[in-house]
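**Q** File follows, data34.cif with mmCIF, N, CA and C atoms:
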```cif
data_target
#
loop_
_atom_site.group_PDB
_atom_site.id
_atom_site.type_symbol
_atom_site.label_atom_id
_atom_site.label_comp_id
_atom_site.auth_asym_id
_atom_site.auth_seq_id
_atom_site.Cartn_x
_atom_site.Cartn_y
_atom_site.Cartn_z
ATOM 1 N N MET A 81 -145.222 24.744 -69.987
ATOM 2 C CA MET A 81 -143.923 25.293 -70.296
ATOM 3 C C MET A 81 -143.434 24.770 -71.650
ATOM 4 N N GLU A 82 -143.580 23.486 -71.899
ATOM 5 C CA GLU A 82 -143.136 22.903 -73.152
ATOM 6 C C GLU A 82 -143.974 23.413 -74.324
ATOM 7 N N ASN A 83 -145.285 23.635 -74.114
ATOM 8 C CA ASN A 83 -146.126 24.132 -75.187
ATOM 9 C C ASN A 83 -145.688 25.505 -75.654
ATOM 10 N N ALA A 84 -145.340 26.375 -74.730
ATOM 11 C CA ALA A 84 -144.885 27.716 -75.087
ATOM 12 C C ALA A 84 -143.596 27.636 -75.897
ATOM 13 N N LYS A 85 -142.707 26.748 -75.534
ATOM 14 C CA LYS A 85 -141.433 26.591 -76.240
ATOM 15 C C LYS A 85 -141.674 26.090 -77.668
ATOM 16 N N SER A 86 -142.533 25.098 -77.855
ATOM 17 C CA SER A 86 -142.777 24.564 -79.189
ATOM 18 C C SER A 86 -143.536 25.571 -80.042
ATOM 19 N N LYS A 87 -144.403 26.368 -79.439
ATOM 20 C CA LYS A 87 -145.155 27.375 -80.171
ATOM 21 C C LYS A 87 -144.207 28.446 -80.720
ATOM 22 N N SER A 88 -143.284 28.926 -79.879
ATOM 23 C CA SER A 88 -142.343 29.945 -80.340
ATOM 24 C C SER A 88 -141.389 29.368 -81.379
ATOM 25 N N SER A 89 -141.051 28.102 -81.258
ATOM 26 C CA SER A 89 -140.164 27.465 -82.222
ATOM 27 C C SER A 89 -140.843 27.364 -83.588
ATOM 28 N N SER A 90 -142.139 27.031 -83.608
ATOM 29 C CA SER A 90 -142.841 26.925 -84.879
ATOM 30 C C SER A 90 -143.021 28.297 -85.516
ATOM 31 N N ILE A 91 -143.209 29.323 -84.717
ATOM 32 C CA ILE A 91 -143.328 30.672 -85.261
ATOM 33 C C ILE A 91 -141.992 31.106 -85.848
ATOM 34 N N ALA A 92 -140.902 30.798 -85.156
ATOM 35 C CA ALA A 92 -139.575 31.149 -85.660
ATOM 36 C C ALA A 92 -139.289 30.417 -86.973
ATOM 37 N N THR A 93 -139.726 29.182 -87.087
ATOM 38 C CA THR A 93 -139.542 28.431 -88.329
ATOM 39 C C THR A 93 -140.325 29.078 -89.465
ATOM 40 N N TYR A 94 -141.555 29.469 -89.174
ATOM 41 C CA TYR A 94 -142.391 30.131 -90.179
ATOM 42 C C TYR A 94 -141.747 31.440 -90.635
ATOM 43 N N ILE A 95 -141.254 32.227 -89.692
ATOM 44 C CA ILE A 95 -140.602 33.492 -90.030
ATOM 45 C C ILE A 95 -139.346 33.234 -90.863
ATOM 46 N N GLY A 96 -138.601 32.200 -90.524
ATOM 47 C CA GLY A 96 -137.411 31.851 -91.289
ATOM 48 C C GLY A 96 -137.733 31.470 -92.721
ATOM 49 N N VAL A 97 -138.806 30.722 -92.919
ATOM 50 C CA VAL A 97 -139.211 30.332 -94.272
ATOM 51 C C VAL A 97 -139.645 31.560 -95.066
ATOM 52 N N VAL A 98 -140.374 32.465 -94.409
ATOM 53 C CA VAL A 98 -140.803 33.697 -95.088
ATOM 54 C C VAL A 98 -139.584 34.528 -95.496
ATOM 55 N N PHE A 99 -138.595 34.665 -94.594
ATOM 56 C CA PHE A 99 -137.378 35.399 -94.936
ATOM 57 C C PHE A 99 -136.647 34.730 -96.099
ATOM 58 N N ALA A 100 -136.583 33.410 -96.101
ATOM 59 C CA ALA A 100 -135.910 32.708 -97.197
ATOM 60 C C ALA A 100 -136.629 32.950 -98.526
ATOM 61 N N LEU A 101 -137.948 32.960 -98.501
ATOM 62 C CA LEU A 101 -138.700 33.241 -99.730
ATOM 63 C C LEU A 101 -138.469 34.673 -100.198
ATOM 64 N N LEU A 102 -138.437 35.623 -99.259
ATOM 65 C CA LEU A 102 -138.164 37.011 -99.621
ATOM 66 C C LEU A 102 -136.765 37.165 -100.212
ATOM 67 N N ILE A 103 -135.802 36.457 -99.655
ATOM 68 C CA ILE A 103 -134.443 36.497 -100.191
ATOM 69 C C ILE A 103 -134.412 35.885 -101.589
ATOM 70 N N ALA A 104 -135.164 34.807 -101.805
ATOM 71 C CA ALA A 104 -135.210 34.176 -103.128
ATOM 72 C C ALA A 104 -135.825 35.123 -104.159
ATOM 73 N N ILE A 105 -136.885 35.819 -103.781
ATOM 74 C CA ILE A 105 -137.510 36.773 -104.699
ATOM 75 C C ILE A 105 -136.543 37.922 -104.998
ATOM 76 N N GLY A 106 -135.893 38.413 -103.966
ATOM 77 C CA GLY A 106 -134.907 39.476 -104.162
ATOM 78 C C GLY A 106 -133.757 39.027 -105.046
ATOM 79 N N ALA A 107 -133.305 37.803 -104.861
ATOM 80 C CA ALA A 107 -132.212 37.274 -105.688
ATOM 81 C C ALA A 107 -132.648 37.162 -107.141
ATOM 82 N N TYR A 108 -133.890 36.776 -107.382
ATOM 83 C CA TYR A 108 -134.397 36.667 -108.751
ATOM 84 C C TYR A 108 -134.471 38.039 -109.417
ATOM 85 N N ILE A 109 -134.824 39.049 -108.628
ATOM 86 C CA ILE A 109 -134.925 40.404 -109.165
ATOM 87 C C ILE A 109 -133.537 40.996 -109.428
ATOM 88 N N VAL A 110 -132.584 40.735 -108.546
ATOM 89 C CA VAL A 110 -131.258 41.339 -108.631
ATOM 90 C C VAL A 110 -130.335 40.593 -109.597
ATOM 91 N N SER A 111 -130.577 39.322 -109.827
ATOM 92 C CA SER A 111 -129.640 38.504 -110.607
ATOM 93 C C SER A 111 -129.346 39.028 -112.014
ATOM 94 N N PRO A 112 -130.300 39.602 -112.779
ATOM 95 C CA PRO A 112 -129.914 40.126 -114.101
ATOM 96 C C PRO A 112 -128.883 41.261 -114.009
ATOM 97 N N ASN A 113 -129.035 42.133 -113.022
ATOM 98 C CA ASN A 113 -128.069 43.224 -112.860
ATOM 99 C C ASN A 113 -126.690 42.684 -112.495
ATOM 100 N N VAL A 114 -126.654 41.684 -111.622
ATOM 101 C CA VAL A 114 -125.385 41.072 -111.226
ATOM 102 C C VAL A 114 -124.764 40.365 -112.417
ATOM 103 N N MET A 115 -125.583 39.672 -113.176
ATOM 104 C CA MET A 115 -125.083 38.951 -114.345
ATOM 105 C C MET A 115 -124.484 39.918 -115.359
ATOM 106 N N VAL A 116 -125.144 41.024 -115.612
ATOM 107 C CA VAL A 116 -124.637 42.008 -116.568
ATOM 108 C C VAL A 116 -123.331 42.599 -116.059
ATOM 109 N N ALA A 117 -123.270 42.949 -114.782
ATOM 110 C CA ALA A 117 -122.066 43.552 -114.213
ATOM 111 C C ALA A 117 -120.876 42.599 -114.294
ATOM 112 N N ILE A 118 -121.103 41.338 -113.993
ATOM 113 C CA ILE A 118 -119.995 40.370 -114.012
ATOM 114 C C ILE A 118 -119.567 40.047 -115.436
ATOM 115 N N THR A 119 -120.520 39.868 -116.347
ATOM 116 C CA THR A 119 -120.140 39.545 -117.723
ATOM 117 C C THR A 119 -119.449 40.717 -118.408
ATOM 118 N N GLN A 120 -119.752 41.953 -118.003
ATOM 119 C CA GLN A 120 -119.034 43.104 -118.566
ATOM 120 C C GLN A 120 -117.585 43.117 -118.093
ATOM 121 N N ARG A 121 -117.354 42.690 -116.863
ATOM 122 C CA ARG A 121 -115.993 42.716 -116.311
ATOM 123 C C ARG A 121 -115.130 41.568 -116.852
ATOM 124 N N ILE A 122 -115.684 40.372 -116.913
ATOM 125 C CA ILE A 122 -114.864 39.217 -117.310
ATOM 126 C C ILE A 122 -115.105 38.781 -118.745
ATOM 127 N N GLY A 123 -116.108 39.343 -119.381
ATOM 128 C CA GLY A 123 -116.392 38.963 -120.763
ATOM 129 C C GLY A 123 -117.437 37.855 -120.812
ATOM 130 N N ASN A 124 -118.099 37.766 -121.918
ATOM 131 C CA ASN A 124 -119.154 36.771 -122.072
ATOM 132 C C ASN A 124 -118.608 35.602 -122.872
ATOM 133 N N ALA A 125 -117.944 34.684 -122.203
ATOM 134 C CA ALA A 125 -117.313 33.541 -122.864
ATOM 135 C C ALA A 125 -118.046 32.257 -122.490
ATOM 136 N N THR A 126 -119.359 32.275 -122.537
ATOM 137 C CA THR A 126 -120.124 31.095 -122.153
ATOM 138 C C THR A 126 -121.042 30.669 -123.290
ATOM 139 N N THR A 127 -121.337 29.394 -123.308
ATOM 140 C CA THR A 127 -122.255 28.856 -124.311
ATOM 141 C C THR A 127 -123.626 28.589 -123.711
ATOM 142 N N LEU A 128 -123.822 28.986 -122.458
ATOM 143 C CA LEU A 128 -125.110 28.755 -121.805
ATOM 144 C C LEU A 128 -126.118 29.797 -122.261
ATOM 145 N N SER A 129 -127.382 29.395 -122.228
ATOM 146 C CA SER A 129 -128.440 30.327 -122.615
ATOM 147 C C SER A 129 -128.625 31.386 -121.520
ATOM 148 N N PRO A 130 -129.179 32.526 -121.867
ATOM 149 C CA PRO A 130 -129.391 33.582 -120.864
ATOM 150 C C PRO A 130 -130.288 33.136 -119.700
ATOM 151 N N MET A 131 -131.257 32.279 -119.972
ATOM 152 C CA MET A 131 -132.145 31.815 -118.894
ATOM 153 C C MET A 131 -131.382 30.951 -117.889
ATOM 154 N N VAL A 132 -130.499 30.099 -118.385
ATOM 155 C CA VAL A 132 -129.692 29.256 -117.501
ATOM 156 C C VAL A 132 -128.724 30.123 -116.700
ATOM 157 N N MET A 133 -128.140 31.116 -117.366
ATOM 158 C CA MET A 133 -127.246 32.035 -116.659
ATOM 159 C C MET A 133 -127.993 32.792 -115.566
ATOM 160 N N ARG A 134 -129.213 33.229 -115.857
ATOM 161 C CA ARG A 134 -129.999 33.934 -114.840
ATOM 162 C C ARG A 134 -130.299 33.005 -113.669
ATOM 163 N N LEU A 135 -130.607 31.769 -113.950
ATOM 164 C CA LEU A 135 -130.882 30.803 -112.883
ATOM 165 C C LEU A 135 -129.645 30.579 -112.017
ATOM 166 N N ILE A 136 -128.490 30.453 -112.654
ATOM 167 C CA ILE A 136 -127.246 30.258 -111.902
ATOM 168 C C ILE A 136 -126.963 31.459 -111.008
ATOM 169 N N PHE A 137 -127.091 32.663 -111.568
ATOM 170 C CA PHE A 137 -126.832 33.860 -110.780
ATOM 171 C C PHE A 137 -127.895 34.063 -109.694
ATOM 172 N N THR A 138 -129.119 33.621 -109.947
ATOM 173 C CA THR A 138 -130.159 33.692 -108.914
ATOM 174 C C THR A 138 -129.795 32.800 -107.740
ATOM 175 N N VAL A 139 -129.336 31.601 -108.013
ATOM 176 C CA VAL A 139 -128.951 30.675 -106.938
ATOM 177 C C VAL A 139 -127.762 31.226 -106.158
ATOM 178 N N ILE A 140 -126.787 31.787 -106.869
ATOM 179 C CA ILE A 140 -125.621 32.367 -106.195
ATOM 180 C C ILE A 140 -126.040 33.536 -105.309
ATOM 181 N N CYS A 141 -126.863 34.431 -105.843
ATOM 182 C CA CYS A 141 -127.342 35.580 -105.057
ATOM 183 C C CYS A 141 -128.178 35.117 -103.863
ATOM 184 N N PHE A 142 -128.972 34.066 -104.050
ATOM 185 C CA PHE A 142 -129.785 33.542 -102.956
ATOM 186 C C PHE A 142 -128.912 33.043 -101.815
ATOM 187 N N PHE A 143 -127.876 32.272 -102.133
ATOM 188 C CA PHE A 143 -127.010 31.750 -101.078
ATOM 189 C C PHE A 143 -126.215 32.851 -100.389
ATOM 190 N N ILE A 144 -125.796 33.849 -101.141
ATOM 191 C CA ILE A 144 -125.098 34.973 -100.521
ATOM 192 C C ILE A 144 -126.034 35.729 -99.590
ATOM 193 N N GLY A 145 -127.245 36.013 -100.036
ATOM 194 C CA GLY A 145 -128.228 36.705 -99.197
ATOM 195 C C GLY A 145 -128.603 35.893 -97.974
ATOM 196 N N LEU A 146 -128.762 34.589 -98.141
ATOM 197 C CA LEU A 146 -129.110 33.726 -97.009
ATOM 198 C C LEU A 146 -127.980 33.681 -95.988
ATOM 199 N N THR A 147 -126.744 33.630 -96.460
ATOM 200 C CA THR A 147 -125.601 33.611 -95.552
ATOM 201 C C THR A 147 -125.514 34.906 -94.751
ATOM 202 N N ILE A 148 -125.678 36.032 -95.422
ATOM 203 C CA ILE A 148 -125.630 37.317 -94.727
ATOM 204 C C ILE A 148 -126.761 37.418 -93.712
ATOM 205 N N THR A 149 -127.948 36.972 -94.081
ATOM 206 C CA THR A 149 -129.084 37.008 -93.158
ATOM 207 C C THR A 149 -128.832 36.123 -91.941
ATOM 208 N N MET A 150 -128.273 34.942 -92.148
ATOM 209 C CA MET A 150 -127.988 34.055 -91.011
ATOM 210 C C MET A 150 -126.952 34.667 -90.079
ATOM 211 N N LEU A 151 -125.949 35.332 -90.631
ATOM 212 C CA LEU A 151 -124.952 35.986 -89.798
ATOM 213 C C LEU A 151 -125.567 37.108 -88.967
ATOM 214 N N VAL A 152 -126.426 37.912 -89.587
ATOM 215 C CA VAL A 152 -127.074 39.010 -88.861
ATOM 216 C C VAL A 152 -127.989 38.473 -87.771
ATOM 217 N N VAL A 153 -128.765 37.445 -88.084
ATOM 218 C CA VAL A 153 -129.676 36.871 -87.087
ATOM 219 C C VAL A 153 -128.897 36.273 -85.929
ATOM 220 N N SER A 154 -127.784 35.607 -86.203
ATOM 221 C CA SER A 154 -126.998 35.012 -85.117
ATOM 222 C C SER A 154 -126.382 36.079 -84.233
ATOM 223 N N LEU A 155 -126.064 37.246 -84.781
ATOM 224 C CA LEU A 155 -125.530 38.334 -83.967
ATOM 225 C C LEU A 155 -126.614 39.014 -83.139
ATOM 226 N N VAL A 156 -127.826 39.132 -83.700
ATOM 227 C CA VAL A 156 -128.909 39.855 -83.043
ATOM 228 C C VAL A 156 -129.655 38.989 -82.034
ATOM 229 N N LYS A 157 -129.751 37.702 -82.295
ATOM 230 C CA LYS A 157 -130.529 36.799 -81.450
ATOM 231 C C LYS A 157 -129.945 36.760 -80.040
ATOM 232 N N PRO A 158 -130.804 36.912 -79.020
ATOM 233 C CA PRO A 158 -130.287 36.857 -77.645
ATOM 234 C C PRO A 158 -129.826 35.451 -77.286
ATOM 235 N N LYS A 159 -128.843 35.411 -76.399
ATOM 236 C CA LYS A 159 -128.326 34.119 -75.962
ATOM 237 C C LYS A 159 -129.349 33.414 -75.088
ATOM 238 N N ASP A 160 -129.306 32.108 -75.130
ATOM 239 C CA ASP A 160 -130.160 31.310 -74.272
ATOM 240 C C ASP A 160 -129.651 31.423 -72.837
ATOM 241 N N ALA A 161 -130.535 31.748 -71.899
ATOM 242 C CA ALA A 161 -130.133 31.962 -70.508
ATOM 243 C C ALA A 161 -129.537 30.692 -69.905
ATOM 244 N N ARG A 162 -130.057 29.539 -70.294
ATOM 245 C CA ARG A 162 -129.531 28.289 -69.751
ATOM 246 C C ARG A 162 -128.085 28.081 -70.149
ATOM 247 N N THR A 163 -127.748 28.397 -71.395
ATOM 248 C CA THR A 163 -126.378 28.224 -71.856
ATOM 249 C C THR A 163 -125.434 29.154 -71.114
ATOM 250 N N ALA A 164 -125.856 30.391 -70.929
ATOM 251 C CA ALA A 164 -125.014 31.354 -70.211
ATOM 252 C C ALA A 164 -124.813 30.905 -68.767
ATOM 253 N N ASN A 165 -125.879 30.424 -68.124
ATOM 254 C CA ASN A 165 -125.764 29.954 -66.747
ATOM 255 C C ASN A 165 -124.858 28.732 -66.652
ATOM 256 N N GLU A 166 -124.948 27.836 -67.610
ATOM 257 C CA GLU A 166 -124.093 26.650 -67.603
ATOM 258 C C GLU A 166 -122.624 27.041 -67.767
ATOM 259 N N ASN A 167 -122.372 28.042 -68.588
ATOM 260 C CA ASN A 167 -120.989 28.502 -68.766
ATOM 261 C C ASN A 167 -120.453 29.099 -67.465
ATOM 262 N N LYS A 168 -121.271 29.875 -66.767
ATOM 263 C CA LYS A 168 -120.848 30.453 -65.493
ATOM 264 C C LYS A 168 -120.606 29.350 -64.464
ATOM 265 N N LEU A 169 -121.501 28.364 -64.435
ATOM 266 C CA LEU A 169 -121.333 27.255 -63.499
ATOM 267 C C LEU A 169 -120.051 26.492 -63.791
ATOM 268 N N GLU A 170 -119.753 26.291 -65.060
ATOM 269 C CA GLU A 170 -118.534 25.572 -65.423
ATOM 270 C C GLU A 170 -117.296 26.348 -64.982
ATOM 271 N N GLU A 171 -117.320 27.671 -65.141
ATOM 272 C CA GLU A 171 -116.196 28.491 -64.681
ATOM 273 C C GLU A 171 -116.036 28.378 -63.162
ATOM 274 N N GLU A 172 -117.157 28.423 -62.450
ATOM 275 C CA GLU A 172 -117.098 28.313 -60.987
ATOM 276 C C GLU A 172 -116.565 26.939 -60.569
ATOM 277 N N ARG A 173 -116.989 25.897 -61.270
ATOM 278 C CA ARG A 173 -116.502 24.550 -60.963
ATOM 279 C C ARG A 173 -114.995 24.463 -61.177
ATOM 280 N N ASN A 174 -114.534 25.033 -62.262
ATOM 281 C CA ASN A 174 -113.091 25.004 -62.536
ATOM 282 C C ASN A 174 -112.306 25.754 -61.466
ATOM 283 N N LYS A 175 -112.825 26.899 -61.013
ATOM 284 C CA LYS A 175 -112.164 27.648 -59.940
ATOM 285 C C LYS A 175 -112.140 26.838 -58.657
ATOM 286 N N MET A 176 -113.260 26.172 -58.350
ATOM 287 C CA MET A 176 -113.339 25.370 -57.132
ATOM 288 C C MET A 176 -112.357 24.197 -57.212
ATOM 289 N N ARG A 177 -112.275 23.544 -58.366
ATOM 290 C CA ARG A 177 -111.331 22.431 -58.525
ATOM 291 C C ARG A 177 -109.897 22.905 -58.354
ATOM 292 N N GLU A 178 -109.583 24.064 -58.905
ATOM 293 C CA GLU A 178 -108.237 24.613 -58.778
ATOM 294 C C GLU A 178 -107.923 24.929 -57.317
ATOM 295 N N ALA A 179 -108.911 25.512 -56.604
ATOM 296 C CA ALA A 179 -108.707 25.818 -55.184
ATOM 297 C C ALA A 179 -108.508 24.539 -54.376
ATOM 298 N N GLN A 180 -109.268 23.493 -54.698
ATOM 299 C CA GLN A 180 -109.113 22.216 -54.008
ATOM 300 C C GLN A 180 -107.753 21.606 -54.303
ATOM 301 N N ARG A 181 -107.298 21.721 -55.523
ATOM 302 C CA ARG A 181 -105.990 21.180 -55.891
ATOM 303 C C ARG A 181 -104.884 21.916 -55.124
ATOM 304 N N ILE A 182 -104.991 23.227 -55.036
ATOM 305 C CA ILE A 182 -103.991 24.001 -54.291
ATOM 306 C C ILE A 182 -104.037 23.644 -52.811
ATOM 307 N N GLU A 183 -105.234 23.460 -52.270
ATOM 308 C CA GLU A 183 -105.388 23.088 -50.852
ATOM 309 C C GLU A 183 -104.765 21.717 -50.593
ATOM 310 N N ARG A 184 -104.953 20.764 -51.485
ATOM 311 C CA ARG A 184 -104.355 19.440 -51.326
ATOM 312 C C ARG A 184 -102.837 19.512 -51.364
ATOM 313 N N MET A 185 -102.312 20.347 -52.256
ATOM 314 C CA MET A 185 -100.853 20.496 -52.328
ATOM 315 C C MET A 185 -100.310 21.120 -51.045
ATOM 316 N N LYS A 186 -101.031 22.056 -50.442
ATOM 317 C CA LYS A 186 -100.604 22.663 -49.187
ATOM 318 C C LYS A 186 -100.643 21.625 -48.069
ATOM 319 N N ASN A 187 -101.662 20.803 -48.063
ATOM 320 C CA ASN A 187 -101.797 19.771 -47.005
ATOM 321 C C ASN A 187 -100.698 18.719 -47.111
ATOM 322 N N ARG A 188 -100.192 18.442 -48.282
ATOM 323 C CA ARG A 188 -99.156 17.446 -48.472
ATOM 324 C C ARG A 188 -97.824 17.934 -47.905
ATOM 325 N N ARG A 189 -97.599 19.222 -47.899
ATOM 326 C CA ARG A 189 -96.340 19.773 -47.431
ATOM 327 C C ARG A 189 -96.346 19.814 -45.972
#
```
Can the structure in the file be given as structure tokens, please?
**A**
Amino acid sequence: MENAKSKSSSIATYIGVVFALLIAIGAYIVSPNVMVAITQRIGNATTLSPMVMRLIFTVICFFIGLTITMLVVSLVKPKDARTANENKLEEERNKMREAQRIERMKNRR
């Protein structure tokens, strides 16, 4: 049972690294267009070289792409059955405690 869990975890890690590399490549490709669009809107008032500017915009695009990907994966990923069961058990425990508290109050009267 533990071997299957660690195997799927390592595959998920590998897939995550591949997605991060794909996002980095995409950010490198898209960054010149983003840089041109932003500098046209706000003006080119920088003393940095174009290569440094491309690197900065690549890093910014990478983090934006990574954030969006993490949000999508967290929405799509199925919930862990153990967590859902624990939440249901906790709700049942709270209901039982409340019923016991009400029963004790009735017995006191």
**Q** Could you state the separation of atom C of A:Leu169 and atom N of A:Val153 in Å, given to one decimal place?
**A** 28.0 Å
**Q** List as a PyMOL selection string the protein and nucleic acid residues near stretch 103-114 of chain A, meaning an atom at most 6 Å away when only C-alpha atoms are counted, but skip any in the same chain fewer than 3 places from it.
**A** chain A and resi 100+117+137-138+141-142
**Q** Just to confirm, what's the straight-line distance from atom N of A:Gly145 to atom C of A:Phe99 in Å (one decimal)?
**A**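 Computing the Euclidean distance for atom N of A:Gly145 and atom C of A:Phe99 yields 10.3 Å.
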**Q** As an exercise, work out the distance from atom C of A:Glu171 to atom N of A:Lys157 in Å and give it to one decimal place.
**A**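 These atoms are spaced 25.3 Å apart.
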**Q** Hey, could you pull the box centre and edge lengths for stretch 143-160 of chain A, axis-aligned, 6 Å padding per side, all listed atoms, to one decimal in Å, as JSON?
**A**
```
{"center_x": -127.9, "center_y": 35.6, "center_z": -87.5, "size_x": 17.9, "size_y": 20.5, "size_z": 41.3}
```
**Q** Which residues would end up in the selection if the PyMOL selection byres (((chain A and resi 133 and name CA) around 12) and name CA) were applied here, given that I need the answer as a compact mmCIF listing (two decimals) with N, CA and C atoms, in the frame of the given file?
**A**
```
# COMPACT_ATOMS: atom_id res chain seq x y z
N TYR A 108 -133.89 36.78 -107.38
CA TYR A 108 -134.40 36.67 -108.75
C TYR A 108 -134.47 38.04 -109.42
N SER A 111 -130.58 39.32 -109.83
CA SER A 111 -129.64 38.50 -110.61
C SER A 111 -129.35 39.03 -112.01
N PRO A 112 -130.30 39.60 -112.78
CA PRO A 112 -129.91 40.13 -114.10
C PRO A 112 -128.88 41.26 -114.01
N ASN A 113 -129.04 42.13 -113.02
CA ASN A 113 -128.07 43.22 -112.86
C ASN A 113 -126.69 42.68 -112.50
N VAL A 114 -126.65 41.68 -111.62
CA VAL A 114 -125.38 41.07 -111.23
C VAL A 114 -124.76 40.36 -112.42
N MET A 115 -125.58 39.67 -113.18
CA MET A 115 -125.08 38.95 -114.34
C MET A 115 -124.48 39.92 -115.36
N VAL A 116 -125.14 41.02 -115.61
CA VAL A 116 -124.64 42.01 -116.57
C VAL A 116 -123.33 42.60 -116.06
N ILE A 118 -121.10 41.34 -113.99
CA ILE A 118 -120.00 40.37 -114.01
C ILE A 118 -119.57 40.05 -115.44
N THR A 119 -120.52 39.87 -116.35
CA THR A 119 -120.14 39.54 -117.72
C THR A 119 -119.45 40.72 -118.41
N ASN A 124 -118.10 37.77 -121.92
CA ASN A 124 -119.15 36.77 -122.07
C ASN A 124 -118.61 35.60 -122.87
N ALA A 125 -117.94 34.68 -122.20
CA ALA A 125 -117.31 33.54 -122.86
C ALA A 125 -118.05 32.26 -122.49
N THR A 126 -119.36 32.28 -122.54
CA THR A 126 -120.12 31.10 -122.15
C THR A 126 -121.04 30.67 -123.29
N THR A 127 -121.34 29.39 -123.31
CA THR A 127 -122.26 28.86 -124.31
C THR A 127 -123.63 28.59 -123.71
N LEU A 128 -123.82 28.99 -122.46
CA LEU A 128 -125.11 28.76 -121.80
C LEU A 128 -126.12 29.80 -122.26
N SER A 129 -127.38 29.40 -122.23
CA SER A 129 -128.44 30.33 -122.62
C SER A 129 -128.62 31.39 -121.52
N PRO A 130 -129.18 32.53 -121.87
CA PRO A 130 -129.39 33.58 -120.86
C PRO A 130 -130.29 33.14 -119.70
N MET A 131 -131.26 32.28 -119.97
CA MET A 131 -132.15 31.82 -118.89
C MET A 131 -131.38 30.95 -117.89
N VAL A 132 -130.50 30.10 -118.38
CA VAL A 132 -129.69 29.26 -117.50
C VAL A 132 -128.72 30.12 -116.70
N ARG A 134 -129.21 33.23 -115.86
CA ARG A 134 -130.00 33.93 -114.84
C ARG A 134 -130.30 33.01 -113.67
N LEU A 135 -130.61 31.77 -113.95
CA LEU A 135 -130.88 30.80 -112.88
C LEU A 135 -129.65 30.58 -112.02
N ILE A 136 -128.49 30.45 -112.65
CA ILE A 136 -127.25 30.26 -111.90
C ILE A 136 -126.96 31.46 -111.01
N PHE A 137 -127.09 32.66 -111.57
CA PHE A 137 -126.83 33.86 -110.78
C PHE A 137 -127.90 34.06 -109.69
N THR A 138 -129.12 33.62 -109.95
CA THR A 138 -130.16 33.69 -108.91
C THR A 138 -129.79 32.80 -107.74
N VAL A 139 -129.34 31.60 -108.01
CA VAL A 139 -128.95 30.68 -106.94
C VAL A 139 -127.76 31.23 -106.16
N ILE A 140 -126.79 31.79 -106.87
CA ILE A 140 -125.62 32.37 -106.20
C ILE A 140 -126.04 33.54 -105.31
```
